[in-house]
file model05.txt (compact mmCIF, C-alpha atoms)
# COMPACT_ATOMS: atom_id res chain seq x y z
CA MET A 1 200.21 -26.99 112.67
CA ALA A 2 203.48 -28.33 113.95
CA GLU A 3 202.81 -31.49 112.02
CA THR A 4 203.94 -31.80 108.45
CA GLY A 5 200.45 -32.70 107.32
CA PRO A 6 198.93 -35.91 106.13
CA GLN A 7 200.86 -38.23 103.87
CA LYS A 8 197.89 -38.98 101.64
CA GLU A 9 196.59 -36.14 99.51
CA PRO A 10 192.87 -35.53 99.17
CA ASP A 11 191.37 -35.59 95.70
CA GLU A 12 189.93 -32.41 94.22
CA ALA A 13 186.33 -33.22 95.15
CA MET A 14 187.29 -33.76 98.77
CA LEU A 15 189.39 -30.63 98.78
CA ASP A 16 186.51 -28.55 97.43
CA LEU A 17 184.24 -29.87 100.16
CA LEU A 18 186.84 -29.26 102.86
CA ILE A 19 187.47 -25.70 101.73
CA LYS A 20 183.78 -24.98 101.57
CA GLN A 21 183.41 -26.47 105.04
CA VAL A 22 185.94 -24.09 106.57
CA THR A 23 184.90 -21.01 104.63
CA GLU A 24 181.11 -21.12 104.51
CA GLY A 25 179.96 -24.47 105.89
CA LEU A 26 178.36 -27.44 104.17
CA SER A 27 174.78 -28.29 103.43
CA PRO A 28 173.54 -31.54 105.02
CA GLU A 29 173.87 -33.21 101.64
CA GLU A 30 177.46 -32.04 101.20
CA GLN A 31 178.27 -33.10 104.74
CA ARG A 32 176.99 -36.62 104.03
CA GLU A 33 179.10 -36.63 100.88
CA LEU A 34 182.19 -35.70 102.89
CA ASP A 35 181.41 -38.24 105.58
CA VAL A 36 181.70 -41.15 103.16
CA LEU A 37 185.14 -40.05 101.95
CA ASP A 38 188.39 -41.03 103.63
CA ASN A 39 187.91 -39.75 107.14
CA GLU A 40 191.53 -39.82 108.19
CA VAL A 41 192.72 -37.73 105.27
CA ALA A 42 189.72 -35.45 105.46
CA SER A 43 190.01 -34.71 109.15
CA ALA A 44 193.76 -34.01 108.97
CA TYR A 45 193.31 -31.65 106.04
CA ALA A 46 190.24 -30.03 107.55
CA ARG A 47 192.20 -29.26 110.71
CA ASP A 48 195.03 -27.64 108.78
CA LEU A 49 192.73 -25.65 106.52
CA GLU A 50 190.62 -24.49 109.45
CA HIS A 51 193.78 -23.41 111.21
CA ALA A 52 194.94 -21.45 108.17
CA ALA A 53 191.52 -19.83 107.81
CA ALA A 54 191.53 -18.81 111.48
CA ALA A 55 195.04 -17.37 111.19
CA ILE A 56 194.00 -15.38 108.12
CA SER A 57 190.98 -14.09 110.01
CA ILE A 58 193.19 -12.85 112.83
CA ALA A 59 195.62 -11.27 110.37
CA GLY A 60 192.72 -9.54 108.65
CA THR A 61 191.25 -8.31 111.91
CA GLY A 62 194.26 -6.04 112.41
CA GLN A 63 193.64 -3.96 115.52
CA PRO A 64 190.60 -5.71 117.04
CA GLU A 65 187.57 -3.65 117.91
CA PRO A 66 187.08 -3.61 121.69
CA MET A 67 183.95 -5.30 122.91
CA PRO A 68 181.53 -2.63 124.22
CA ALA A 69 181.33 -2.61 128.00
CA GLY A 70 177.58 -3.26 128.02
CA VAL A 71 177.93 -6.26 125.73
CA ARG A 72 180.79 -7.61 127.80
CA SER A 73 178.84 -7.22 131.01
CA ARG A 74 175.84 -9.08 129.59
CA ILE A 75 178.00 -11.87 128.19
CA GLU A 76 179.84 -12.28 131.49
CA ALA A 77 176.53 -12.51 133.34
CA GLN A 78 175.23 -15.11 130.89
CA LEU A 79 178.44 -17.10 131.16
CA ARG A 80 178.32 -17.00 134.93
CA ALA A 81 174.78 -18.34 134.83
CA ALA A 82 175.74 -21.08 132.37
CA VAL A 83 178.80 -22.08 134.37
CA ALA A 84 176.81 -22.10 137.60
CA THR A 85 174.21 -24.33 136.00
CA ALA A 86 176.89 -26.68 134.70
CA ALA A 87 178.66 -26.76 138.06
CA ALA A 88 175.52 -27.53 140.04
CA PRO A 89 175.14 -31.24 140.74
CA SER A 90 172.11 -32.93 139.29
CA GLY A 91 169.56 -34.64 141.45
CA ARG A 92 169.38 -32.05 144.18
CA SER A 93 166.65 -33.04 146.52
CA SER A 94 165.78 -29.77 148.15
CA THR A 95 164.22 -26.67 146.72
CA VAL A 96 167.42 -24.78 147.32
CA ARG A 97 168.78 -23.82 143.94
CA ALA A 98 172.12 -22.84 142.51
CA ILE A 99 172.49 -19.15 142.21
CA GLY A 100 174.86 -16.77 140.52
CA ARG A 101 178.37 -16.28 141.73
CA VAL A 102 179.15 -13.04 143.35
CA PRO A 103 181.28 -10.88 141.08
CA ARG A 104 184.43 -9.46 142.47
CA PRO A 105 186.56 -6.56 141.38
CA ALA A 106 189.21 -7.57 138.91
CA ARG A 107 191.90 -9.64 140.54
CA THR A 108 195.09 -10.83 138.99
CA THR A 109 195.56 -14.55 138.89
CA GLY A 110 199.26 -14.88 138.39
CA GLY A 111 199.34 -14.25 134.66
CA TRP A 112 197.46 -17.34 133.57
CA TRP A 113 196.90 -15.80 130.23
CA ALA A 114 200.47 -14.92 129.55
CA ALA A 115 201.21 -18.19 127.82
CA ALA A 116 199.40 -20.29 125.30
CA ALA A 117 198.52 -22.89 127.87
CA CYS A 118 196.66 -20.26 129.83
CA LEU A 119 193.54 -21.08 127.90
CA VAL A 120 193.27 -24.51 129.43
CA LEU A 121 194.22 -23.25 132.85
CA ALA A 122 191.76 -20.45 132.85
CA VAL A 123 188.88 -22.48 131.63
CA LEU A 124 189.73 -25.23 134.04
CA GLY A 125 189.67 -22.43 136.57
CA TRP A 126 186.12 -21.77 135.53
CA LEU A 127 185.27 -25.41 135.83
CA ARG A 128 186.90 -25.69 139.21
CA ALA A 129 185.28 -22.58 140.62
CA PRO A 130 183.67 -23.61 143.87
CA PRO A 131 180.16 -24.77 143.14
CA LEU A 132 177.45 -22.84 144.85
CA VAL A 133 175.48 -25.88 145.81
CA HIS A 134 177.35 -28.89 147.08
CA GLY A 135 176.32 -32.47 147.09
CA PRO A 136 175.93 -34.63 150.16
CA GLY A 137 179.24 -35.23 151.88
CA ALA A 138 180.87 -32.23 150.22
CA ALA A 139 181.05 -28.67 151.49
CA PRO A 140 177.81 -27.49 153.06
CA THR A 141 175.06 -26.08 150.92
CA PRO A 142 173.93 -22.52 151.60
CA ALA A 143 170.93 -23.98 153.41
CA GLN A 144 173.23 -26.04 155.62
CA GLN A 145 175.40 -22.98 156.15
CA ARG A 146 172.30 -21.15 157.28
CA ASP A 147 171.45 -23.84 159.83
CA ALA A 148 175.03 -23.83 161.10
CA LEU A 149 175.07 -20.06 161.44
CA LEU A 150 171.80 -20.08 163.34
CA ALA A 151 173.29 -22.52 165.82
CA ARG A 152 176.15 -20.14 166.61
CA PRO A 153 175.85 -17.67 169.47
CA GLY A 154 175.94 -14.03 168.40
CA THR A 155 174.46 -14.65 164.96
CA LEU A 156 171.99 -12.02 163.81
CA GLN A 157 168.71 -13.04 162.20
CA ILE A 158 166.99 -10.26 160.31
CA GLN A 159 163.60 -10.38 158.65
CA LEU A 160 163.56 -8.30 155.48
CA GLU A 161 160.42 -6.44 154.47
CA THR A 162 159.63 -6.85 150.82
CA THR A 163 158.52 -3.80 148.87
CA ALA A 164 155.88 -3.07 146.25
CA GLU A 165 158.39 -3.89 143.52
CA PRO A 166 156.61 -6.41 141.21
CA ALA A 167 159.45 -8.92 141.49
CA ALA A 168 158.90 -9.04 145.24
CA ALA A 169 155.14 -9.55 145.18
CA GLY A 170 154.17 -12.19 147.72
CA SER A 171 157.74 -12.97 148.65
CA LYS A 172 159.49 -13.32 151.99
CA ALA A 173 163.13 -12.82 152.85
CA ASP A 174 165.48 -13.06 155.78
CA VAL A 175 169.19 -12.79 156.46
CA VAL A 176 171.41 -14.64 158.88
CA TRP A 177 174.73 -12.89 159.61
CA ASP A 178 177.60 -13.81 161.92
CA PRO A 179 179.55 -10.58 162.68
CA ARG A 180 182.48 -12.51 164.08
CA THR A 181 183.20 -14.67 161.06
CA GLN A 182 181.69 -12.23 158.54
CA GLN A 183 179.63 -15.09 157.13
CA GLY A 184 176.03 -14.76 156.17
CA VAL A 185 173.23 -16.20 154.13
CA ALA A 186 170.08 -14.66 152.69
CA ARG A 187 166.96 -16.70 152.07
CA PHE A 188 164.17 -15.76 149.69
CA VAL A 189 160.83 -17.47 149.24
CA GLY A 190 158.67 -16.59 146.26
CA LEU A 191 161.02 -14.02 144.73
CA LYS A 192 160.36 -13.76 140.99
CA PRO A 193 162.85 -15.52 138.69
CA ASN A 194 165.11 -13.14 136.77
CA ASP A 195 166.68 -13.20 133.34
CA PRO A 196 170.43 -12.84 134.08
CA SER A 197 171.00 -11.29 130.68
CA GLN A 198 168.64 -8.46 131.60
CA HIS A 199 169.11 -7.93 135.30
CA GLN A 200 170.28 -9.54 138.53
CA TYR A 201 169.47 -9.21 142.17
CA GLN A 202 172.12 -7.57 144.32
CA LEU A 203 172.59 -7.72 148.08
CA TRP A 204 173.72 -4.74 150.15
CA ILE A 205 174.95 -4.42 153.74
CA PHE A 206 174.65 -1.13 155.58
CA ASP A 207 177.54 -0.77 157.99
CA GLY A 208 177.07 1.53 160.97
CA ASP A 209 180.70 2.60 160.72
CA ARG A 210 180.45 3.67 157.09
CA ASP A 211 178.73 6.30 154.99
CA GLN A 212 175.13 5.10 154.56
CA ARG A 213 175.09 6.38 151.00
CA TYR A 214 177.53 3.65 150.11
CA PRO A 215 176.45 0.29 151.51
CA ILE A 216 178.78 -2.68 151.10
CA ASP A 217 178.23 -4.89 148.07
CA GLY A 218 177.07 -8.33 149.21
CA GLY A 219 177.09 -9.89 145.73
CA VAL A 220 174.64 -10.57 142.94
CA PHE A 221 172.43 -13.58 142.57
CA ASP A 222 169.82 -15.07 140.29
CA VAL A 223 166.54 -16.78 140.93
CA PRO A 224 166.15 -19.65 138.46
CA PRO A 225 162.76 -20.38 136.92
CA ASN A 226 160.47 -22.46 139.14
CA ALA A 227 162.60 -21.93 142.22
CA ASP A 228 160.30 -21.63 145.19
CA GLN A 229 163.16 -20.82 147.47
CA VAL A 230 166.72 -19.68 147.04
CA VAL A 231 169.40 -19.48 149.70
CA VAL A 232 172.27 -17.17 148.86
CA PRO A 233 175.67 -16.94 150.55
CA ILE A 234 176.55 -13.33 151.28
CA HIS A 235 179.98 -12.26 150.14
CA ALA A 236 180.78 -8.88 151.63
CA GLU A 237 183.29 -6.98 149.55
CA LEU A 238 184.56 -5.15 152.64
CA ARG A 239 184.71 -5.94 156.33
CA VAL A 240 181.40 -5.19 157.99
CA HIS A 241 182.07 -3.56 161.34
CA ALA A 242 178.49 -3.19 162.52
CA ALA A 243 175.75 -4.52 160.27
CA LYS A 244 172.80 -2.17 160.61
CA ALA A 245 170.63 -3.21 157.70
CA PHE A 246 170.47 -5.46 154.66
CA ALA A 247 168.81 -4.67 151.36
CA VAL A 248 168.25 -6.23 147.96
CA THR A 249 167.97 -4.29 144.72
CA ILE A 250 167.54 -5.15 141.07
CA GLU A 251 170.50 -4.08 139.00
CA LYS A 252 172.04 -4.57 135.60
CA PRO A 253 173.84 -7.89 134.96
CA GLY A 254 176.96 -8.16 137.06
CA GLY A 255 175.71 -5.66 139.60
CA VAL A 256 176.77 -2.10 140.26
CA VAL A 257 179.25 -0.40 142.56
CA VAL A 258 176.75 2.16 143.80
CA SER A 259 173.06 1.46 143.48
CA GLY A 260 170.66 4.10 142.23
CA ARG A 261 168.10 2.32 144.45
CA GLU A 262 165.42 2.63 141.78
CA HIS A 263 164.34 -0.95 142.34
CA VAL A 264 164.56 -1.97 145.98
CA VAL A 265 163.11 -5.41 146.49
CA ALA A 266 163.58 -5.90 150.21
CA ILE A 267 165.14 -4.19 153.21
CA GLY A 268 165.48 -4.98 156.88
CA LYS A 269 167.17 -3.46 159.90
CA ALA A 270 169.32 -5.42 162.30
CA GLY A 271 168.26 -5.20 165.94
CA MET B 272 186.46 -15.13 133.30
CA ARG B 273 187.58 -11.53 133.31
CA GLU B 274 191.01 -12.52 132.02
CA CYS B 275 189.42 -14.61 129.31
CA MET B 276 187.33 -11.65 128.23
CA ASP B 277 190.32 -9.30 128.51
CA ARG B 278 192.42 -11.53 126.31
CA TYR B 279 189.97 -12.70 123.69
CA GLY B 280 187.02 -10.32 123.96
CA ALA B 281 188.20 -7.92 121.27
CA LEU B 282 189.17 -10.69 118.85
CA VAL B 283 185.88 -12.54 119.30
CA TRP B 284 183.91 -9.33 119.05
CA SER B 285 185.73 -8.21 115.90
CA LEU B 286 185.13 -11.56 114.20
CA ALA B 287 181.52 -11.62 115.35
CA ARG B 288 180.88 -8.10 114.06
CA ARG B 289 182.40 -8.94 110.69
CA LEU B 290 180.41 -12.13 110.23
CA SER B 291 177.08 -11.10 111.75
CA ARG B 292 174.30 -9.12 110.21
CA THR B 293 173.56 -6.87 113.17
CA ALA B 294 175.15 -5.84 116.46
CA SER B 295 172.50 -7.86 118.24
CA ASP B 296 173.43 -10.94 116.19
CA ALA B 297 177.07 -10.31 117.01
CA GLU B 298 176.32 -10.17 120.71
CA ASP B 299 174.42 -13.47 120.59
CA ALA B 300 177.25 -14.99 118.57
CA ALA B 301 179.94 -13.74 120.96
CA GLN B 302 178.10 -15.27 123.89
CA GLU B 303 177.83 -18.62 122.11
CA ILE B 304 181.49 -18.45 121.15
CA PHE B 305 182.64 -17.93 124.73
CA LEU B 306 180.50 -20.85 125.83
CA ASP B 307 182.09 -22.93 123.08
CA ILE B 308 185.55 -21.86 124.24
CA TRP B 309 184.72 -22.92 127.76
CA ARG B 310 183.42 -26.29 126.60
CA SER B 311 186.33 -26.91 124.21
CA ALA B 312 189.25 -25.68 126.29
CA ALA B 313 190.35 -29.16 127.32
CA ARG B 314 190.98 -29.98 123.66
CA TYR B 315 193.46 -27.17 123.21
CA ASP B 316 196.88 -28.45 122.16
CA ALA B 317 199.63 -25.83 122.19
CA SER B 318 201.71 -27.91 119.78
CA ARG B 319 199.11 -27.34 117.08
CA GLY B 320 199.10 -23.58 117.24
CA SER B 321 198.58 -20.56 119.42
CA ASP B 322 195.68 -20.14 121.79
CA THR B 323 194.58 -17.14 119.73
CA VAL B 324 194.18 -19.29 116.63
CA PHE B 325 192.36 -21.92 118.70
CA VAL B 326 189.90 -19.26 119.84
CA ALA B 327 189.53 -17.86 116.32
CA THR B 328 188.87 -21.37 115.00
CA ILE B 329 186.08 -21.89 117.52
CA ALA B 330 184.70 -18.46 116.72
CA ARG B 331 184.70 -19.11 112.99
CA ARG B 332 182.92 -22.46 113.38
CA ARG B 333 180.17 -20.85 115.39
CA LEU B 334 179.86 -17.86 113.08
CA ILE B 335 179.73 -20.02 109.96
CA ASP B 336 177.07 -22.16 111.60
CA ARG B 337 175.03 -19.08 112.39
CA LEU B 338 175.48 -17.69 108.89
CA ARG B 339 174.26 -20.92 107.36
CA LYS B 340 171.17 -20.91 109.56
CA LYS B 341 170.42 -17.39 108.40
CA SER B 342 171.35 -18.05 104.80
CA GLY B 343 167.79 -17.39 103.67
CA GLU B 344 168.08 -13.81 104.82
CA PRO B 345 169.43 -11.00 102.65
CA PRO B 346 173.22 -10.54 102.48
CA MET B 347 174.83 -8.77 105.41
CA GLU B 348 176.12 -5.79 103.48
CA PRO B 349 175.64 -4.58 99.93
CA PRO B 350 178.69 -5.62 97.93
CA GLU B 351 179.63 -1.99 97.38
CA ALA B 352 179.95 -1.53 101.14
CA LEU B 353 182.69 -4.10 101.50
CA GLU B 354 185.81 -2.25 102.40
CA SER B 355 189.19 -3.73 101.75
CA ILE B 356 190.88 -5.33 104.71
CA ALA B 357 193.89 -3.72 106.33
CA TRP B 358 195.98 -6.84 106.83
CA SER B 359 198.32 -7.01 109.77
CA ASP B 360 201.94 -6.14 109.26
CA PRO B 361 203.68 -9.50 109.72
CA ALA B 362 206.74 -7.80 111.20
CA SER B 363 204.82 -6.10 113.99
CA GLU B 364 202.83 -9.03 115.30
CA PRO B 365 203.12 -9.93 118.97
CA ALA B 366 204.30 -13.41 119.84
CA THR B 367 200.79 -14.59 120.67
CA ALA B 368 199.71 -13.93 117.09
CA ILE B 369 202.64 -15.62 115.43
CA ASP B 370 200.37 -17.87 113.37
CA ALA B 371 198.55 -14.80 112.13
CA ALA B 372 201.89 -13.22 111.22
CA HIS B 373 202.76 -16.32 109.20
CA ALA B 374 199.39 -16.12 107.50
CA ALA B 375 199.85 -12.43 106.74
CA ARG B 376 203.27 -13.14 105.23
CA ALA B 377 201.79 -15.92 103.12
CA LEU B 378 199.00 -13.64 101.94
CA GLU B 379 201.54 -11.11 100.73
CA GLU B 380 202.88 -13.74 98.36
CA LEU B 381 199.52 -14.64 96.85
CA ARG B 382 198.27 -13.38 93.53
CA PRO B 383 195.94 -10.39 94.06
CA GLU B 384 192.87 -12.29 92.88
CA GLN B 385 193.60 -15.19 95.24
CA ARG B 386 193.96 -12.77 98.08
CA GLN B 387 190.78 -10.94 97.13
CA VAL B 388 188.76 -14.15 97.04
CA LEU B 389 190.07 -15.21 100.46
CA GLU B 390 189.35 -11.76 101.85
CA LEU B 391 185.75 -11.81 100.65
CA GLY B 392 185.20 -15.34 101.87
CA LEU B 393 186.98 -15.32 105.21
CA MET B 394 186.67 -11.72 106.31
CA HIS B 395 183.33 -10.73 104.81
CA GLY B 396 181.59 -14.08 105.07
CA LEU B 397 180.58 -14.23 101.42
CA SER B 398 179.89 -17.66 99.98
CA GLN B 399 181.73 -18.83 96.90
CA SER B 400 178.60 -18.17 94.84
CA GLU B 401 178.33 -14.66 96.23
CA ILE B 402 181.98 -14.00 95.47
CA ALA B 403 181.50 -15.28 91.92
CA SER B 404 178.55 -12.98 91.49
CA ARG B 405 180.33 -9.98 92.96
CA LEU B 406 183.52 -10.45 90.96
CA ARG B 407 181.66 -11.63 87.84
CA MET B 408 183.75 -14.76 87.74
CA PRO B 409 182.70 -18.34 87.01
CA LEU B 410 182.09 -20.28 90.23
CA GLY B 411 184.76 -22.77 89.21
CA THR B 412 187.34 -19.98 89.01
CA VAL B 413 186.43 -18.74 92.47
CA LYS B 414 186.74 -22.26 93.85
CA SER B 415 190.10 -22.69 92.19
CA LEU B 416 191.44 -19.34 93.44
CA MET B 417 190.25 -20.04 96.94
CA ARG B 418 191.65 -23.56 96.94
CA ARG B 419 195.08 -22.50 95.71
CA GLY B 420 195.21 -19.49 98.00
CA LEU B 421 194.23 -21.35 101.13
CA LEU B 422 196.53 -24.27 100.38
CA ARG B 423 199.40 -21.85 99.78
CA VAL B 424 198.78 -20.21 103.16
CA ARG B 425 198.58 -23.61 104.80
CA GLU B 426 201.86 -24.73 103.23
CA HIS B 427 203.56 -21.47 104.15
CA MET B 428 202.43 -21.77 107.76
CA ASN B 429 203.69 -25.35 108.01
CA ILE B 430 207.05 -24.35 106.57
CA GLU B 431 207.33 -21.35 108.90
CA ILE B 432 206.45 -23.36 111.97
CA GLU B 433 208.74 -26.23 111.04
CA GLY B 434 211.50 -23.67 110.47
CA VAL B 435 210.96 -22.15 113.89
CA ALA B 436 210.87 -25.60 115.48
CA GLY B 437 214.01 -26.60 113.61
CA ARG B 438 215.89 -23.49 114.75
CA ALA B 439 214.72 -24.11 118.31
CA ASP B 440 215.89 -27.71 118.16
CA GLY B 441 219.22 -26.80 116.67
call {"tool": "encode", "arguments": {"input": "model05.txt", "output": "structure tokens"}}
result
Amino acid sequence: MAETGPQKEPDEAMLDLLIKQVTEGLSPEEQRELDVLDNEVASAYARDLEHAAAAISIAGTGQPEPMPAGVRSRIEAQLRAAVATAAAPSGRSSTVRAIGRVPRPARTTGGWWAAAACLVLAVLGWLRAPPLVHGPGAAPTPAQQRDALLARPGTLQIQLETTAEPAAAGSKADVVWDPRTQQGVARFVGLKPNDPSQHQYQLWIFDGDRDQRYPIDGGVFDVPPNADQVVVPIHAELRVHAAKAFAVTIEKPGGVVVSGREHVVAIGKAG
Amino acid sequence: MRECMDRYGALVWSLARRLSRTASDAEDAAQEIFLDIWRSAARYDASRGSDTVFVATIARRRLIDRLRKKSGEPPMEPPEALESIAWSDPASEPATAIDAAHAARALEELRPEQRQVLELGLMHGLSQSEIASRLRMPLGTVKSLMRRGLLRVREHMNIEIEGVAGRADG
């Protein structure tokens, strides 16, 4: 809108089409009609009119209605899944699949959104979020991380017992955890795919030095359709002093702070 | 992502609620809009307007597209249920909504019937035909009112922004 607008003026027919386009949309026939008109004039005017319509919409919104927390949580989960899918490189050769990013408590990021340019920065931030599965020559995949952890002395390897929960039927799970570096990976074979908009799997770490009613959040993850096996990096929210057990539950999208433990999928004790 | 939702969630949700038939539709629309924002962010040009207007533009495109696809369904609300919009006070707008403040100022200068037609079209998602039917006006009159009103807002916004730029340069 900083421009003064196009030099050439659209005729009335073009203007009617452009206004209809930005207020209610065009039929395919009307769109074809617009396409044959002067594109340069049309696109410049369309941009300005669309901008004016958007500004009027904001002005008319007044005090915006907050998005309900449940809706926001579902949208965030769906976005995470979409971004993870977009970030995953194509042509992966193994059965290890990209899985959902672990949500973290709100963290400030230096006021990205304080200025207009924040939009680009923040979305680029999305795009540049570390991919969960890396291509050859890049950072190790979770499966490679697992192999590396197993080669380290002092690493714990824990078999998880799956429960009667339908999602766990016929599945197997294990965890590899290095207490020294606080790095770990969980592997699941045959775990049922989930719909991230409905629920997600969540990892938990029981720390011997902490209240057992409140295990440490190890992050949420998804099992994509047709994934025979998923390998999930564990992201402990807090330092784990003495890992005593690991568990997996099914929770609402985005995970929970304290699990009601209604749907435990797998659990296993260390040592 | 949280900051994105913090900053634009309420705006996107408000627009989606206004231009969707049900809360469920609005939720689907809001999700699509945020995906669109993510895909389109690289095209954002601050010299063309605020990020808020950029987001609202993306939201409107998506919502109009969804409305067209559902155009065979009954109208969203009975005409009698359409409440009048409480337009923003141009003087109280935060800096991020400066374009909206310009638009609100321009709307104040429109003839009441131009403003009413824009309100029904842009805020309630009524088509020009639906507006004509509701206001018992010929379609050509609705088109003319909408055209003049929107062009007036566009001109006003260009003048305002050029004025601001000129003062900044001087």
call {"tool": "closest_residue", "arguments": {"input": "model05.txt", "among": "A:Leu156, A:Ala143, A:Ile250, A:Ile267", "to": "A:His199", "atoms": "only C-alpha atoms"}}
result
A:Ile250
call {"tool": "closest_residue", "arguments": {"input": "model05.txt", "among": "B:Ile369, B:Thr293, B:Lys341, B:Arg405", "to": "chain A", "atoms": "all atoms listed in the file"}}
result
B:Ile369
call {"tool": "atom_distance", "arguments": {"input": "model05.txt", "atom1": "atom CA of A:Glu50", "atom2": "atom CA of A:Glu9"}}
result
16.4 Å
call {"tool": "interface_residues", "arguments": {"input": "model05.txt", "of": "chain B", "to": "chain A", "cutoff": "6 Å", "atoms": "all atoms listed in the file", "output": "short mmCIF file (atom, residue, chain, number, x, y, z; two decimals) with C-alpha atoms, keeping the file's coordinate frame"}}
result
data_model
loop_
_atom_site.label_atom_id
_atom_site.label_comp_id
_atom_site.auth_asym_id
_atom_site.auth_seq_id
_atom_site.Cartn_x
_atom_site.Cartn_y
_atom_site.Cartn_z
CA GLY B 280 187.02 -10.32 123.96
CA ALA B 281 188.20 -7.92 121.27
CA LEU B 282 189.17 -10.69 118.85
CA TRP B 284 183.91 -9.33 119.05
CA SER B 285 185.73 -8.21 115.90
CA GLN B 302 178.10 -15.27 123.89
CA TRP B 309 184.72 -22.92 127.76
CA ALA B 312 189.25 -25.68 126.29
CA ALA B 313 190.35 -29.16 127.32
CA ARG B 319 199.11 -27.34 117.08
CA GLY B 320 199.10 -23.58 117.24
CA SER B 321 198.58 -20.56 119.42
CA ASP B 322 195.68 -20.14 121.79
CA VAL B 324 194.18 -19.29 116.63
CA ALA B 327 189.53 -17.86 116.32
CA THR B 328 188.87 -21.37 115.00
CA ILE B 335 179.73 -20.02 109.96
CA TRP B 358 195.98 -6.84 106.83
CA SER B 359 198.32 -7.01 109.77
CA ASP B 370 200.37 -17.87 113.37
CA ALA B 371 198.55 -14.80 112.13
CA ALA B 374 199.39 -16.12 107.50
CA ALA B 375 199.85 -12.43 106.74
CA SER B 398 179.89 -17.66 99.98
CA ARG B 425 198.58 -23.61 104.80
#
call {"tool": "residues_around", "arguments": {"input": "model05.txt", "residues": "stretch 206-210 of chain A", "least_positions_apart": "6", "cutoff": "6 Å", "atoms": "only C-alpha atoms", "output": "list in words"}}
result
Val240, Ala242, Ala243, Lys244 and Ala245 of chain A
call {"tool": "atom_distance", "arguments": {"input": "model05.txt", "atom1": "atom CA of B:Arg332", "atom2": "atom CA of A:Leu34"}}
result
16.9 Å
call {"tool": "residues_around", "arguments": {"input": "model05.txt", "residues": "B:Arg333", "least_positions_apart": "2", "cutoff": "8 Å", "atoms": "only C-alpha atoms", "output": "list in words"}}
result
Ala300, Glu303, Ile304, Ile329, Ala330, Arg331, Ile335, Asp336 and Arg337 of chain B
call {"tool": "write_last_selection", "arguments": {"input": "model05.txt", "atoms": "C-alpha atoms", "output": "compact mmCIF listing (two decimals), in the coordinates of the input"}}
result
# COMPACT_ATOMS: atom_id res chain seq x y z
CA ALA B 300 177.25 -14.99 118.57
CA GLU B 303 177.83 -18.62 122.11
CA ILE B 304 181.49 -18.45 121.15
CA ILE B 329 186.08 -21.89 117.52
CA ALA B 330 184.70 -18.46 116.72
CA ARG B 331 184.70 -19.11 112.99
CA ILE B 335 179.73 -20.02 109.96
CA ASP B 336 177.07 -22.16 111.60
CA ARG B 337 175.03 -19.08 112.39
call {"tool": "closest_residue", "arguments": {"input": "model05.txt", "among": "A:Trp177, A:Tyr201, A:Phe246, A:Phe221", "to": "A:Leu160", "atoms": "only C-alpha atoms"}}
result
A:Phe246
call {"tool": "atom_distance", "arguments": {"input": "model05.txt", "atom1": "atom CA of B:Glu384", "atom2": "atom CA of B:Pro409"}}
result
13.2 Å
call {"tool": "build_atoms", "arguments": {"input": "model05.txt", "residues": "stretch 400-410 of chain B", "atoms": "N, CA and C atoms", "output": "short mmCIF file (atom, residue, chain, number, x, y, z; two decimals), in the frame of the given file"}}
result
data_model
loop_
_atom_site.label_atom_id
_atom_site.label_comp_id
_atom_site.auth_asym_id
_atom_site.auth_seq_id
_atom_site.Cartn_x
_atom_site.Cartn_y
_atom_site.Cartn_z
N SER B 400 179.55 -18.65 95.87
CA SER B 400 178.60 -18.17 94.84
C SER B 400 178.48 -16.66 94.89
N GLU B 401 178.44 -16.12 96.11
CA GLU B 401 178.33 -14.66 96.23
C GLU B 401 179.59 -13.97 95.71
N ILE B 402 180.72 -14.59 95.97
CA ILE B 402 181.98 -14.00 95.47
C ILE B 402 181.98 -14.03 93.93
N ALA B 403 181.54 -15.16 93.39
CA ALA B 403 181.50 -15.28 91.92
C ALA B 403 180.60 -14.20 91.34
N SER B 404 179.48 -13.98 91.99
CA SER B 404 178.55 -12.98 91.49
C SER B 404 179.15 -11.58 91.61
N ARG B 405 179.77 -11.32 92.73
CA ARG B 405 180.33 -9.98 92.96
C ARG B 405 181.48 -9.69 92.01
N LEU B 406 182.34 -10.68 91.79
CA LEU B 406 183.52 -10.45 90.96
C LEU B 406 183.26 -10.80 89.49
N ARG B 407 182.04 -11.24 89.21
CA ARG B 407 181.66 -11.63 87.84
C ARG B 407 182.66 -12.67 87.30
N MET B 408 182.85 -13.66 88.12
CA MET B 408 183.75 -14.76 87.74
C MET B 408 182.95 -16.05 87.72
N PRO B 409 183.34 -17.02 86.92
CA PRO B 409 182.70 -18.34 87.01
C PRO B 409 182.94 -18.94 88.40
N LEU B 410 181.96 -19.67 88.89
CA LEU B 410 182.09 -20.28 90.23
C LEU B 410 183.33 -21.16 90.31
#
